[in-house]
>>> print(open('model.csv').read())   # CSV, C-alpha atoms
chain,number,residue,atom,x,y,z
C,21,MET,CA,-122.1,-46.0,41.1
C,22,ILE,CA,-120.5,-42.8,39.8
C,23,GLU,CA,-122.8,-40.8,42.1
C,24,ASP,CA,-121.8,-43.0,45.0
C,25,ALA,CA,-118.1,-42.3,44.4
C,26,ALA,CA,-118.7,-38.6,43.9
C,27,GLN,CA,-120.5,-38.5,47.3
C,28,SER,CA,-117.6,-40.2,49.0
C,29,PRO,CA,-116.4,-38.0,52.0
C,30,GLU,CA,-112.9,-37.7,50.4
C,31,PRO,CA,-111.8,-38.3,46.8
C,32,GLY,CA,-110.2,-41.8,46.5
C,33,CYS,CA,-111.4,-42.8,50.0
C,34,ILE,CA,-113.4,-46.1,50.0
C,35,THR,CA,-115.7,-46.0,53.1
C,36,PRO,CA,-117.2,-49.2,54.7
C,37,GLU,CA,-120.6,-48.4,53.0
C,38,LEU,CA,-119.0,-48.0,49.6
C,39,ARG,CA,-117.0,-51.2,50.1
C,40,LEU,CA,-120.3,-53.1,50.9
C,41,LYS,CA,-122.0,-51.8,47.8
C,42,LEU,CA,-119.0,-52.7,45.7
C,43,LEU,CA,-119.1,-56.3,47.0
C,44,ASN,CA,-122.7,-56.6,45.9
C,45,MET,CA,-122.1,-55.3,42.3
C,46,PRO,CA,-121.2,-57.1,39.1
C,47,LEU,CA,-117.5,-57.1,38.3
C,48,ALA,CA,-117.7,-54.4,35.5
C,49,ARG,CA,-119.5,-52.0,37.8
C,50,LYS,CA,-116.9,-52.6,40.6
C,51,LEU,CA,-114.1,-51.9,38.3
C,52,LEU,CA,-115.8,-48.7,37.0
C,53,GLY,CA,-116.3,-47.6,40.6
C,54,LEU,CA,-112.7,-48.2,41.5
C,55,LEU,CA,-111.5,-46.4,38.4
C,56,CYS,CA,-113.6,-43.4,39.3
C,57,ALA,CA,-112.2,-43.4,42.8
C,58,VAL,CA,-108.6,-43.6,41.5
C,59,VAL,CA,-109.2,-40.7,39.0
C,60,LEU,CA,-110.7,-38.5,41.7
C,61,PHE,CA,-107.8,-39.3,44.1
C,62,SER,CA,-105.2,-38.5,41.4
C,63,ALA,CA,-106.9,-35.2,40.6
C,64,HIS,CA,-107.0,-34.4,44.3
C,65,ALA,CA,-103.2,-35.2,44.6
C,66,ALA,CA,-102.4,-33.1,41.5
C,67,GLU,CA,-104.2,-30.1,43.1
C,68,LYS,CA,-101.9,-30.3,46.1
C,69,LYS,CA,-98.6,-30.4,44.1
C,70,LEU,CA,-96.0,-28.1,45.5
C,71,THR,CA,-95.2,-25.1,43.4
C,72,VAL,CA,-91.9,-23.2,44.0
C,73,GLY,CA,-90.4,-20.2,42.2
C,74,PHE,CA,-86.7,-20.1,41.8
C,75,SER,CA,-85.0,-16.7,40.9
C,76,GLN,CA,-81.4,-17.4,39.8
C,77,ILE,CA,-78.8,-14.7,39.2
C,78,GLY,CA,-77.7,-16.1,35.8
C,79,ALA,CA,-75.3,-18.5,34.3
C,80,GLU,CA,-72.0,-16.6,34.7
C,81,SER,CA,-70.0,-19.6,35.9
C,82,SER,CA,-69.9,-23.3,36.1
C,83,TRP,CA,-70.5,-22.9,39.8
C,84,ARG,CA,-73.8,-21.1,39.1
C,85,THR,CA,-74.8,-23.7,36.6
C,86,ALA,CA,-74.1,-26.5,39.1
C,87,GLU,CA,-76.3,-24.7,41.7
C,88,THR,CA,-79.1,-24.3,39.2
C,89,GLU,CA,-78.9,-28.0,38.2
C,90,SER,CA,-78.9,-29.1,41.8
C,91,ILE,CA,-82.1,-27.2,42.6
C,92,GLN,CA,-83.8,-28.2,39.4
C,93,SER,CA,-82.9,-31.9,39.8
C,94,GLU,CA,-84.0,-31.9,43.4
C,95,ALA,CA,-87.4,-30.3,42.4
C,96,LYS,CA,-87.9,-33.0,39.9
C,97,LYS,CA,-86.9,-35.7,42.4
C,98,ARG,CA,-89.5,-34.4,44.9
C,99,GLY,CA,-92.3,-33.9,42.3
C,100,VAL,CA,-92.2,-30.1,42.7
C,101,ASP,CA,-93.5,-27.8,40.0
C,102,LEU,CA,-90.5,-25.4,39.7
C,103,LYS,CA,-91.0,-22.0,38.1
C,104,PHE,CA,-87.5,-20.9,37.0
C,105,SER,CA,-86.3,-17.4,36.2
C,106,ASP,CA,-82.8,-16.4,35.0
C,107,ALA,CA,-82.1,-12.8,36.0
C,108,GLN,CA,-79.1,-12.4,33.7
C,109,GLN,CA,-77.1,-10.6,36.5
C,110,LYS,CA,-79.8,-7.9,37.0
C,111,GLN,CA,-81.6,-7.2,40.2
C,112,GLU,CA,-84.5,-5.6,38.4
C,113,ASN,CA,-85.1,-8.9,36.6
C,114,GLN,CA,-85.2,-10.7,40.0
C,115,ILE,CA,-87.7,-8.2,41.4
C,116,LYS,CA,-90.0,-8.8,38.4
C,117,ALA,CA,-89.6,-12.5,38.8
C,118,LEU,CA,-90.6,-12.4,42.5
C,119,ARG,CA,-93.7,-10.3,41.6
C,120,ALA,CA,-94.6,-12.8,38.9
C,121,PHE,CA,-94.2,-15.7,41.4
C,122,VAL,CA,-96.6,-13.9,43.8
C,123,ALA,CA,-99.1,-13.5,40.9
C,124,GLN,CA,-98.8,-17.2,40.1
C,125,ARG,CA,-99.5,-18.0,43.8
C,126,VAL,CA,-96.5,-20.2,44.3
C,127,ASP,CA,-96.1,-21.9,47.7
C,128,ALA,CA,-92.5,-20.8,48.3
C,129,ILE,CA,-89.7,-18.9,46.6
C,130,ILE,CA,-86.0,-19.8,46.4
C,131,LEU,CA,-83.9,-16.7,45.8
C,132,ALA,CA,-80.2,-16.3,45.0
C,133,PRO,CA,-79.9,-12.5,45.3
C,134,VAL,CA,-77.5,-10.8,42.9
C,135,VAL,CA,-76.8,-8.0,45.4
C,136,GLU,CA,-77.4,-7.5,49.2
C,137,THR,CA,-79.5,-4.3,49.2
C,138,GLY,CA,-82.8,-3.1,47.7
C,139,TRP,CA,-85.0,-6.1,48.5
C,140,GLU,CA,-87.3,-4.8,51.2
C,141,PRO,CA,-90.2,-3.4,49.1
C,142,VAL,CA,-90.7,-6.6,47.0
C,143,LEU,CA,-90.1,-8.9,49.9
C,144,ARG,CA,-92.8,-7.1,51.9
C,145,GLU,CA,-95.2,-7.9,48.9
C,146,VAL,CA,-94.1,-11.5,49.1
C,147,LYS,CA,-94.7,-11.6,52.9
C,148,ARG,CA,-98.2,-10.2,52.5
C,149,ALA,CA,-98.9,-13.0,50.1
C,150,LYS,CA,-97.8,-15.4,52.9
C,151,ILE,CA,-95.1,-17.0,50.7
C,152,ALA,CA,-91.9,-18.4,52.3
C,153,VAL,CA,-88.6,-17.1,51.0
C,154,ILE,CA,-85.5,-19.3,51.1
C,155,LEU,CA,-82.2,-17.5,50.3
C,156,VAL,CA,-79.4,-19.6,48.8
C,157,ASP,CA,-75.7,-18.8,48.5
C,158,ARG,CA,-76.0,-15.1,49.0
C,159,GLY,CA,-77.4,-13.0,51.9
C,160,ILE,CA,-79.3,-9.7,51.9
C,161,LYS,CA,-79.4,-6.7,54.2
C,162,VAL,CA,-82.9,-5.9,55.4
C,163,ALA,CA,-84.2,-4.2,58.6
C,164,ASP,CA,-86.9,-6.8,59.0
C,165,GLN,CA,-85.4,-10.3,59.2
C,166,SER,CA,-88.9,-11.9,59.0
C,167,LEU,CA,-88.9,-11.1,55.2
C,168,TYR,CA,-87.1,-14.3,54.6
C,169,THR,CA,-87.2,-17.7,56.3
C,170,THR,CA,-83.5,-18.8,56.1
C,171,LEU,CA,-80.2,-18.3,54.3
C,172,ILE,CA,-78.4,-21.4,53.1
C,173,ALA,CA,-74.9,-20.4,52.2
C,174,SER,CA,-71.2,-20.7,52.9
C,175,ASP,CA,-69.4,-18.4,55.3
C,176,PHE,CA,-67.8,-16.0,52.7
C,177,VAL,CA,-65.8,-14.1,55.3
C,178,SER,CA,-64.3,-17.5,56.4
C,179,GLU,CA,-63.5,-18.4,52.8
C,180,GLY,CA,-61.6,-15.1,52.4
C,181,ARG,CA,-59.7,-15.8,55.6
C,182,MET,CA,-58.8,-19.3,54.4
C,183,ALA,CA,-57.5,-18.0,51.1
C,184,GLY,CA,-55.5,-15.3,52.9
C,185,GLU,CA,-54.0,-17.7,55.4
C,186,TRP,CA,-52.9,-20.1,52.7
C,187,LEU,CA,-51.4,-17.3,50.6
C,188,ALA,CA,-49.6,-15.7,53.5
C,189,LYS,CA,-48.0,-19.1,54.3
C,190,LYS,CA,-47.2,-19.8,50.6
C,191,LEU,CA,-45.5,-16.4,50.2
C,192,ASP,CA,-43.8,-16.6,53.6
C,193,GLY,CA,-45.5,-13.3,54.5
C,194,LYS,CA,-44.0,-11.2,51.8
C,195,GLY,CA,-45.2,-10.1,48.3
C,196,ASN,CA,-47.4,-7.9,46.2
C,197,ILE,CA,-50.9,-9.2,45.6
C,198,VAL,CA,-53.6,-8.2,43.0
C,199,GLU,CA,-57.2,-8.9,43.8
C,200,LEU,CA,-59.9,-9.8,41.4
C,201,GLN,CA,-63.2,-8.9,43.2
C,202,GLY,CA,-66.6,-10.3,42.5
C,203,THR,CA,-69.7,-8.3,41.4
C,204,ALA,CA,-69.9,-4.9,43.2
C,205,GLY,CA,-72.4,-5.1,46.1
C,206,ALA,CA,-72.7,-8.9,46.1
C,207,ALA,CA,-72.4,-10.6,49.5
C,208,PRO,CA,-69.6,-13.0,48.4
C,209,ALA,CA,-67.6,-10.1,47.0
C,210,ASN,CA,-67.9,-8.0,50.1
C,211,ASP,CA,-67.3,-10.8,52.5
C,212,ARG,CA,-64.4,-12.5,50.6
C,213,LYS,CA,-62.7,-9.2,50.4
C,214,LYS,CA,-63.2,-8.5,54.1
C,215,GLY,CA,-62.0,-12.0,55.3
C,216,PHE,CA,-58.9,-11.8,53.0
C,217,ALA,CA,-58.0,-8.3,54.1
C,218,GLU,CA,-58.2,-9.3,57.8
C,219,ILE,CA,-55.4,-11.9,57.3
C,220,ILE,CA,-53.2,-9.8,55.0
C,221,GLN,CA,-53.2,-6.9,57.5
C,222,LYS,CA,-51.5,-9.2,60.0
C,223,HIS,CA,-48.5,-9.6,57.7
C,224,PRO,CA,-46.7,-6.2,57.1
C,225,GLY,CA,-44.7,-7.8,54.2
C,226,LEU,CA,-47.9,-8.5,52.2
C,227,LYS,CA,-49.5,-5.7,50.2
C,228,ILE,CA,-52.6,-5.6,47.9
C,229,VAL,CA,-51.3,-3.3,45.2
C,230,LYS,CA,-54.4,-3.5,42.9
C,231,SER,CA,-58.0,-4.5,43.5
C,232,GLN,CA,-60.8,-4.3,40.9
C,233,SER,CA,-64.1,-6.1,40.1
C,234,GLY,CA,-64.1,-8.8,37.5
C,235,ASP,CA,-67.9,-9.5,37.9
C,236,PHE,CA,-67.3,-13.1,38.7
C,237,THR,CA,-66.8,-13.9,35.0
C,238,ARG,CA,-63.8,-15.4,33.1
C,239,ALA,CA,-63.9,-12.8,30.4
C,240,LYS,CA,-63.9,-9.9,32.8
C,241,GLY,CA,-61.3,-11.5,35.0
C,242,LYS,CA,-59.0,-11.8,32.0
C,243,GLU,CA,-59.6,-8.2,31.0
C,244,VAL,CA,-58.8,-6.9,34.5
C,245,MET,CA,-55.7,-9.1,34.9
C,246,GLU,CA,-54.4,-7.7,31.6
C,247,ALA,CA,-54.7,-4.2,33.0
C,248,PHE,CA,-53.0,-5.2,36.2
C,249,LEU,CA,-50.1,-6.8,34.2
C,250,LYS,CA,-49.7,-3.6,32.1
C,251,SER,CA,-49.5,-1.4,35.2
C,252,GLU,CA,-47.6,-3.7,37.6
C,253,GLY,CA,-45.9,-6.3,35.4
C,254,LYS,CA,-43.1,-8.2,37.3
C,255,ASN,CA,-44.1,-6.6,40.6
C,256,ILE,CA,-47.0,-9.0,40.9
C,257,ASN,CA,-46.2,-12.0,43.1
C,258,ALA,CA,-49.7,-13.3,43.6
C,259,VAL,CA,-53.4,-13.2,42.4
C,260,TYR,CA,-56.3,-13.5,44.8
C,261,ALA,CA,-59.5,-14.1,42.8
C,262,HIS,CA,-63.0,-14.1,44.5
C,263,ASN,CA,-64.0,-17.0,42.3
C,264,ASP,CA,-62.4,-19.7,40.1
C,265,GLU,CA,-63.8,-18.3,36.8
C,266,MET,CA,-61.9,-15.0,37.2
C,267,ALA,CA,-58.8,-16.9,38.2
C,268,LEU,CA,-59.1,-19.0,35.0
C,269,GLY,CA,-59.4,-15.7,33.0
C,270,ALA,CA,-56.3,-14.4,34.8
C,271,ILE,CA,-54.4,-17.5,33.9
C,272,GLN,CA,-55.0,-16.8,30.2
C,273,ALA,CA,-53.8,-13.2,30.6
C,274,ILE,CA,-50.7,-14.2,32.5
C,275,GLU,CA,-49.8,-16.7,29.8
C,276,GLU,CA,-50.3,-14.2,27.0
C,277,ALA,CA,-48.1,-11.8,28.9
C,278,GLY,CA,-45.3,-14.3,28.8
C,279,PHE,CA,-45.4,-15.4,32.5
C,280,GLN,CA,-46.0,-18.8,33.9
C,281,PRO,CA,-49.1,-19.0,36.1
C,282,GLY,CA,-48.6,-21.0,39.2
C,283,LYS,CA,-44.9,-20.5,39.1
C,284,ASP,CA,-44.0,-16.9,38.2
C,285,ILE,CA,-47.2,-15.7,39.8
C,286,THR,CA,-49.0,-17.6,42.5
C,287,LEU,CA,-52.8,-17.9,42.2
C,288,VAL,CA,-55.5,-18.7,44.8
C,289,SER,CA,-59.2,-18.5,44.2
C,290,ILE,CA,-62.5,-19.6,45.6
C,291,ASP,CA,-65.3,-22.0,44.6
C,292,GLY,CA,-63.6,-25.4,43.9
C,293,VAL,CA,-65.2,-26.0,40.5
C,294,LYS,CA,-63.8,-28.8,38.3
C,295,GLY,CA,-62.1,-26.3,36.0
C,296,ALA,CA,-60.0,-25.1,38.9
C,297,PHE,CA,-58.9,-28.6,39.7
C,298,GLU,CA,-58.0,-29.1,36.1
C,299,ALA,CA,-55.9,-26.0,36.3
C,300,MET,CA,-54.2,-27.2,39.4
C,301,VAL,CA,-53.4,-30.5,37.9
C,302,ALA,CA,-51.8,-28.6,35.0
C,303,GLY,CA,-49.8,-26.6,37.5
C,304,LYS,CA,-51.4,-23.2,36.6
C,305,LEU,CA,-53.5,-22.7,39.7
C,306,ASN,CA,-52.0,-23.1,43.2
C,307,CYS,CA,-55.0,-23.3,45.5
C,308,THR,CA,-58.8,-23.1,45.6
C,309,VAL,CA,-61.1,-22.7,48.5
C,310,GLU,CA,-64.3,-24.8,48.1
C,311,CYS,CA,-67.7,-23.2,48.1
C,312,ASN,CA,-70.3,-26.0,47.6
C,313,PRO,CA,-73.1,-25.1,45.1
C,314,LEU,CA,-75.1,-28.3,45.6
C,315,LEU,CA,-77.8,-26.6,47.6
C,316,GLY,CA,-80.9,-28.3,46.2
C,317,PRO,CA,-81.6,-30.8,49.0
C,318,ALA,CA,-81.0,-28.3,51.8
C,319,ALA,CA,-83.2,-25.7,50.0
C,320,PHE,CA,-86.2,-28.0,49.6
C,321,ASN,CA,-85.8,-29.4,53.1
C,322,ALA,CA,-86.2,-25.8,54.3
C,323,VAL,CA,-89.1,-25.2,52.0
C,324,GLU,CA,-91.0,-28.3,53.2
C,325,ALA,CA,-90.2,-27.4,56.9
C,326,ALA,CA,-91.4,-23.8,56.5
C,327,LEU,CA,-94.7,-24.9,54.8
C,328,ALA,CA,-95.2,-27.5,57.5
C,329,GLY,CA,-94.8,-24.8,60.2
C,330,LYS,CA,-91.7,-26.4,61.6
C,331,PRO,CA,-88.8,-24.3,62.9
C,332,VAL,CA,-86.0,-23.5,60.5
C,333,GLU,CA,-82.6,-22.1,61.4
C,334,LYS,CA,-82.1,-18.5,60.3
C,335,ASN,CA,-78.6,-19.3,58.9
C,336,ILE,CA,-77.6,-22.7,57.6
C,337,VAL,CA,-73.9,-22.7,57.0
C,338,VAL,CA,-72.4,-24.9,54.3
C,339,LYS,CA,-69.0,-26.4,55.3
C,340,ASP,CA,-66.0,-25.6,53.0
C,341,GLU,CA,-62.5,-26.8,52.6
C,342,VAL,CA,-59.1,-25.7,51.2
C,343,TYR,CA,-57.6,-27.7,48.3
C,344,GLU,CA,-54.0,-27.3,47.3
C,345,GLN,CA,-52.4,-28.1,44.0
C,346,SER,CA,-50.6,-31.1,45.5
C,347,VAL,CA,-53.9,-33.0,46.2
C,348,ALA,CA,-55.8,-32.0,43.0
C,349,LYS,CA,-54.8,-35.0,41.0
C,350,ASP,CA,-56.0,-37.4,43.7
C,351,VAL,CA,-59.4,-35.8,44.2
C,352,ILE,CA,-60.4,-34.4,40.8
C,353,ALA,CA,-62.3,-37.6,39.8
C,354,GLN,CA,-64.5,-37.2,42.9
C,355,ARG,CA,-65.6,-33.7,42.1
C,356,LYS,CA,-69.4,-33.4,41.3
C,357,TYR,CA,-69.2,-29.9,39.9
>>> encode(input="model.csv", output="structure tokens")
Amino acid sequence: MIEDAAQSPEPGCITPELRLKLLNMPLARKLLGLLCAVVLFSAHAAEKKLTVGFSQIGAESSWRTAETESIQSEAKKRGVDLKFSDAQQKQENQIKALRAFVAQRVDAIILAPVVETGWEPVLREVKRAKIAVILVDRGIKVADQSLYTTLIASDFVSEGRMAGEWLAKKLDGKGNIVELQGTAGAAPANDRKKGFAEIIQKHPGLKIVKSQSGDFTRAKGKEVMEAFLKSEGKNINAVYAHNDEMALGAIQAIEEAGFQPGKDITLVSIDGVKGAFEAMVAGKLNCTVECNPLLGPAAFNAVEAALAGKPVEKNIVVKDEVYEQSVAKDVIAQRKY
């Protein structure tokens, strides 16, 4: 009977001939045959389990942690074998991870690129291995657009514009602004600066007096804000932070300098993490522009479509919103990150 099962055209498939033989066998042999068929079918299914490599920038913020958890939980939900690599903010670590994924013969790669440039050599290697690349939350600059399948991200320029429009209205078009930029060379830092500047330039009474990178971290945001306060002090009317973590660090610096954040100095930031809503409820942050990190479902939808040979949009834009201090208390309980 074991030989009969092994000779079946496809593991786990009971043909009419096999069914007839089973009907003419004693119960014990029938059960054994069925068990063998199930085992062979399970082994066949296990061989076809999807394997995906995920190269993450790091864990520099609660936003980044939420994105990682979204992708990991979605992989588990779909039965995907996820190979995870934390780059600790270094592009060289991501490049090593991508080459390791190629060596492991993954079916697809999800990449959150730390910076925009320097990807073409490794992505050509990935392309030669016929592995689909899904970019999440940050874009890249490459001459050959076929090196990646799609980019799933927010419109960072639009986020910068939304922050600028809100602040221009809040300050009535007049005031000195300090800017806490994200990681140098990163798409959200470049684009959020660009979008914000577009709006500020329309208001002659608004001026960005200081602008420096805080690396998207709370500690660095606090450090840079301390330097801003030492050089500019009471001349600062507002802070524009490229993410909430830097804004939260700036709030600490402002308080330690003897000012009231949210009152003496207006703060607007981007991401919409729960910590930002808590700061708004406390009256210390005035506004946050949402940037949704829950990209797991969209990322794996793109992976599955690409592997099935189905068309995938080159850019999938995630919708964002503006949240003011006045609504924070009403919506904070609904926040998922």
>>> closest_atom_pairs(input="model.csv", of="segment 230-300 of chain C", to="segment 178-193 of chain C", cutoff="12 Å", atoms="all atoms listed in the file", output="tab-separated table")
residue	atom	partner	partner_atom	distance
C:Ile256	CA	C:Leu191	CA	12.0
C:Asn257	CA	C:Leu191	CA	8.4
C:Ala258	CA	C:Leu187	CA	8.2
C:Val259	CA	C:Leu187	CA	9.4
C:Tyr260	CA	C:Ala183	CA	7.8
C:Ala261	CA	C:Ala183	CA	9.4
C:His262	CA	C:Gly180	CA	8.1
C:Asn263	CA	C:Gly180	CA	10.6
C:Gly282	CA	C:Lys190	CA	11.5
C:Lys283	CA	C:Lys190	CA	11.7
C:Ile285	CA	C:Leu191	CA	10.6
C:Thr286	CA	C:Leu187	CA	8.5
C:Leu287	CA	C:Leu187	CA	8.5
C:Val288	CA	C:Ala183	CA	6.6
C:Ser289	CA	C:Ala183	CA	7.1
C:Ile290	CA	C:Glu179	CA	7.4
C:Asp291	CA	C:Glu179	CA	9.1
C:Gly292	CA	C:Glu179	CA	11.3
>>> write_last_selection(input="model.csv", atoms="C-alpha atoms", output="compact mmCIF listing (two decimals), in the coordinates of the input")
# COMPACT_ATOMS: atom_id res chain seq x y z
CA ILE C 256 -47.00 -9.00 40.90
CA ASN C 257 -46.20 -12.00 43.10
CA ALA C 258 -49.70 -13.30 43.60
CA VAL C 259 -53.40 -13.20 42.40
CA TYR C 260 -56.30 -13.50 44.80
CA ALA C 261 -59.50 -14.10 42.80
CA HIS C 262 -63.00 -14.10 44.50
CA ASN C 263 -64.00 -17.00 42.30
CA GLY C 282 -48.60 -21.00 39.20
CA LYS C 283 -44.90 -20.50 39.10
CA ILE C 285 -47.20 -15.70 39.80
CA THR C 286 -49.00 -17.60 42.50
CA LEU C 287 -52.80 -17.90 42.20
CA VAL C 288 -55.50 -18.70 44.80
CA SER C 289 -59.20 -18.50 44.20
CA ILE C 290 -62.50 -19.60 45.60
CA ASP C 291 -65.30 -22.00 44.60
CA GLY C 292 -63.60 -25.40 43.90
>>> closest_atom_pairs(input="model.csv", of="segment 59-165 of chain C", to="segment 225-243 of chain C", cutoff="12 Å", atoms="all atoms listed in the file", output="Markdown table")
| residue | atom | partner | partner_atom | distance |
| --- | --- | --- | --- | --- |
| C:Ile77 | CA | C:Phe236 | CA | 11.6 |
| C:Gly78 | CA | C:Thr237 | CA | 11.1 |
| C:Ala79 | CA | C:Thr237 | CA | 9.7 |
| C:Glu80 | CA | C:Thr237 | CA | 5.9 |
| C:Ser81 | CA | C:Thr237 | CA | 6.6 |
| C:Ser82 | CA | C:Thr237 | CA | 10.0 |
| C:Trp83 | CA | C:Phe236 | CA | 10.4 |
| C:Arg84 | CA | C:Phe236 | CA | 10.3 |
| C:Gln109 | CA | C:Asp235 | CA | 9.4 |
| C:Val134 | CA | C:Asp235 | CA | 10.9 |
| C:Val135 | CA | C:Asp235 | CA | 11.7 |
>>> atom_distance(input="model.csv", atom1="atom CA of Gly316 of chain C", atom2="atom CA of Val156 of chain C")
9.2 Å
>>> closest_residue(input="model.csv", among="C:Ala95, C:Val301, C:Ala207, C:Ile160", to="Asp175 of chain C", atoms="only C-alpha atoms")
C:Ala207
>>> closest_residue(input="model.csv", among="C:Leu131, C:Ala299, C:Leu315, C:Leu327", to="Ser93 of chain C", atoms="only C-alpha atoms")
C:Leu315
>>> residues_around(input="model.csv", residues="Val337 of chain C", least_positions_apart="2", cutoff="9 Å", atoms="all atoms listed in the file", output="JSON, numbers by chain")
{"C": [171, 172, 173, 174, 175, 335, 339]}
>>> atom_distance(input="model.csv", atom1="atom CA of Val126 of chain C", atom2="atom CA of Gly99 of chain C")
14.5 Å
>>> atom_distance(input="model.csv", atom1="atom CA of Lys250 of chain C", atom2="atom CA of Lys304 of chain C")
20.2 Å
>>> closest_residue(input="model.csv", among="C:Ala247, C:Asn210, C:Val198, C:Phe176", to="Val338 of chain C", atoms="all atoms listed in the file")
C:Phe176
>>> residues_around(input="model.csv", residues="segment 89-92 of chain C", least_positions_apart="2", cutoff="12 Å", atoms="all atoms listed in the file", output="tab-separated table (two decimals) with C-alpha atoms, keeping the file's coordinate frame")
chain	number	residue	atom	x	y	z
C	72	VAL	CA	-91.90	-23.20	44.00
C	73	GLY	CA	-90.40	-20.20	42.20
C	74	PHE	CA	-86.70	-20.10	41.80
C	75	SER	CA	-85.00	-16.70	40.90
C	76	GLN	CA	-81.40	-17.40	39.80
C	79	ALA	CA	-75.30	-18.50	34.30
C	82	SER	CA	-69.90	-23.30	36.10
C	83	TRP	CA	-70.50	-22.90	39.80
C	84	ARG	CA	-73.80	-21.10	39.10
C	85	THR	CA	-74.80	-23.70	36.60
C	86	ALA	CA	-74.10	-26.50	39.10
C	87	GLU	CA	-76.30	-24.70	41.70
C	94	GLU	CA	-84.00	-31.90	43.40
C	95	ALA	CA	-87.40	-30.30	42.40
C	96	LYS	CA	-87.90	-33.00	39.90
C	97	LYS	CA	-86.90	-35.70	42.40
C	98	ARG	CA	-89.50	-34.40	44.90
C	99	GLY	CA	-92.30	-33.90	42.30
C	100	VAL	CA	-92.20	-30.10	42.70
C	101	ASP	CA	-93.50	-27.80	40.00
C	102	LEU	CA	-90.50	-25.40	39.70
C	103	LYS	CA	-91.00	-22.00	38.10
C	104	PHE	CA	-87.50	-20.90	37.00
C	105	SER	CA	-86.30	-17.40	36.20
C	129	ILE	CA	-89.70	-18.90	46.60
C	130	ILE	CA	-86.00	-19.80	46.40
C	131	LEU	CA	-83.90	-16.70	45.80
C	132	ALA	CA	-80.20	-16.30	45.00
C	156	VAL	CA	-79.40	-19.60	48.80
C	312	ASN	CA	-70.30	-26.00	47.60
C	313	PRO	CA	-73.10	-25.10	45.10
C	314	LEU	CA	-75.10	-28.30	45.60
C	315	LEU	CA	-77.80	-26.60	47.60
C	316	GLY	CA	-80.90	-28.30	46.20
C	317	PRO	CA	-81.60	-30.80	49.00
C	318	ALA	CA	-81.00	-28.30	51.80
C	319	ALA	CA	-83.20	-25.70	50.00
C	320	PHE	CA	-86.20	-28.00	49.60
C	321	ASN	CA	-85.80	-29.40	53.10
C	323	VAL	CA	-89.10	-25.20	52.00
C	356	LYS	CA	-69.40	-33.40	41.30
C	357	TYR	CA	-69.20	-29.90	39.90
>>> closest_residue(input="model.csv", among="C:Ser166, C:Thr137, C:Glu324, C:Leu143", to="Arg119 of chain C", atoms="all atoms listed in the file")
C:Leu143
>>> decode(input="model.csv", residues="segment 111-123 of chain C", atoms="N, CA and C atoms", output="tab-separated table (two decimals), in the first residue's frame")
chain	number	residue	atom	x	y	z
C	111	GLN	N	23.25	51.54	6.04
C	111	GLN	CA	22.97	51.00	4.71
C	111	GLN	C	23.82	49.77	4.40
C	112	GLU	N	25.07	49.78	4.85
C	112	GLU	CA	25.94	48.62	4.58
C	112	GLU	C	25.37	47.34	5.17
C	113	ASN	N	24.68	47.46	6.31
C	113	ASN	CA	24.05	46.28	6.91
C	113	ASN	C	22.87	45.81	6.07
C	114	GLN	N	22.16	46.75	5.47
C	114	GLN	CA	21.04	46.37	4.61
C	114	GLN	C	21.53	45.68	3.34
C	115	ILE	N	22.62	46.19	2.79
C	115	ILE	CA	23.19	45.57	1.59
C	115	ILE	C	23.63	44.14	1.88
C	116	LYS	N	24.27	43.93	3.03
C	116	LYS	CA	24.66	42.57	3.44
C	116	LYS	C	23.45	41.67	3.60
C	117	ALA	N	22.38	42.23	4.19
C	117	ALA	CA	21.15	41.46	4.40
C	117	ALA	C	20.54	41.03	3.07
C	118	LEU	N	20.51	41.94	2.10
C	118	LEU	CA	19.94	41.62	0.80
C	118	LEU	C	20.74	40.50	0.12
C	119	ARG	N	22.06	40.55	0.24
C	119	ARG	CA	22.88	39.49	-0.36
C	119	ARG	C	22.67	38.17	0.37
C	120	ALA	N	22.45	38.24	1.67
C	120	ALA	CA	22.16	37.02	2.43
C	120	ALA	C	20.82	36.43	2.01
C	121	PHE	N	19.85	37.29	1.76
C	121	PHE	CA	18.53	36.81	1.30
C	121	PHE	C	18.64	36.12	-0.06
C	122	VAL	N	19.48	36.68	-0.94
C	122	VAL	CA	19.70	36.05	-2.25
C	122	VAL	C	20.30	34.66	-2.06
C	123	ALA	N	21.30	34.57	-1.17
C	123	ALA	CA	21.94	33.28	-0.89
C	123	ALA	C	20.95	32.27	-0.32
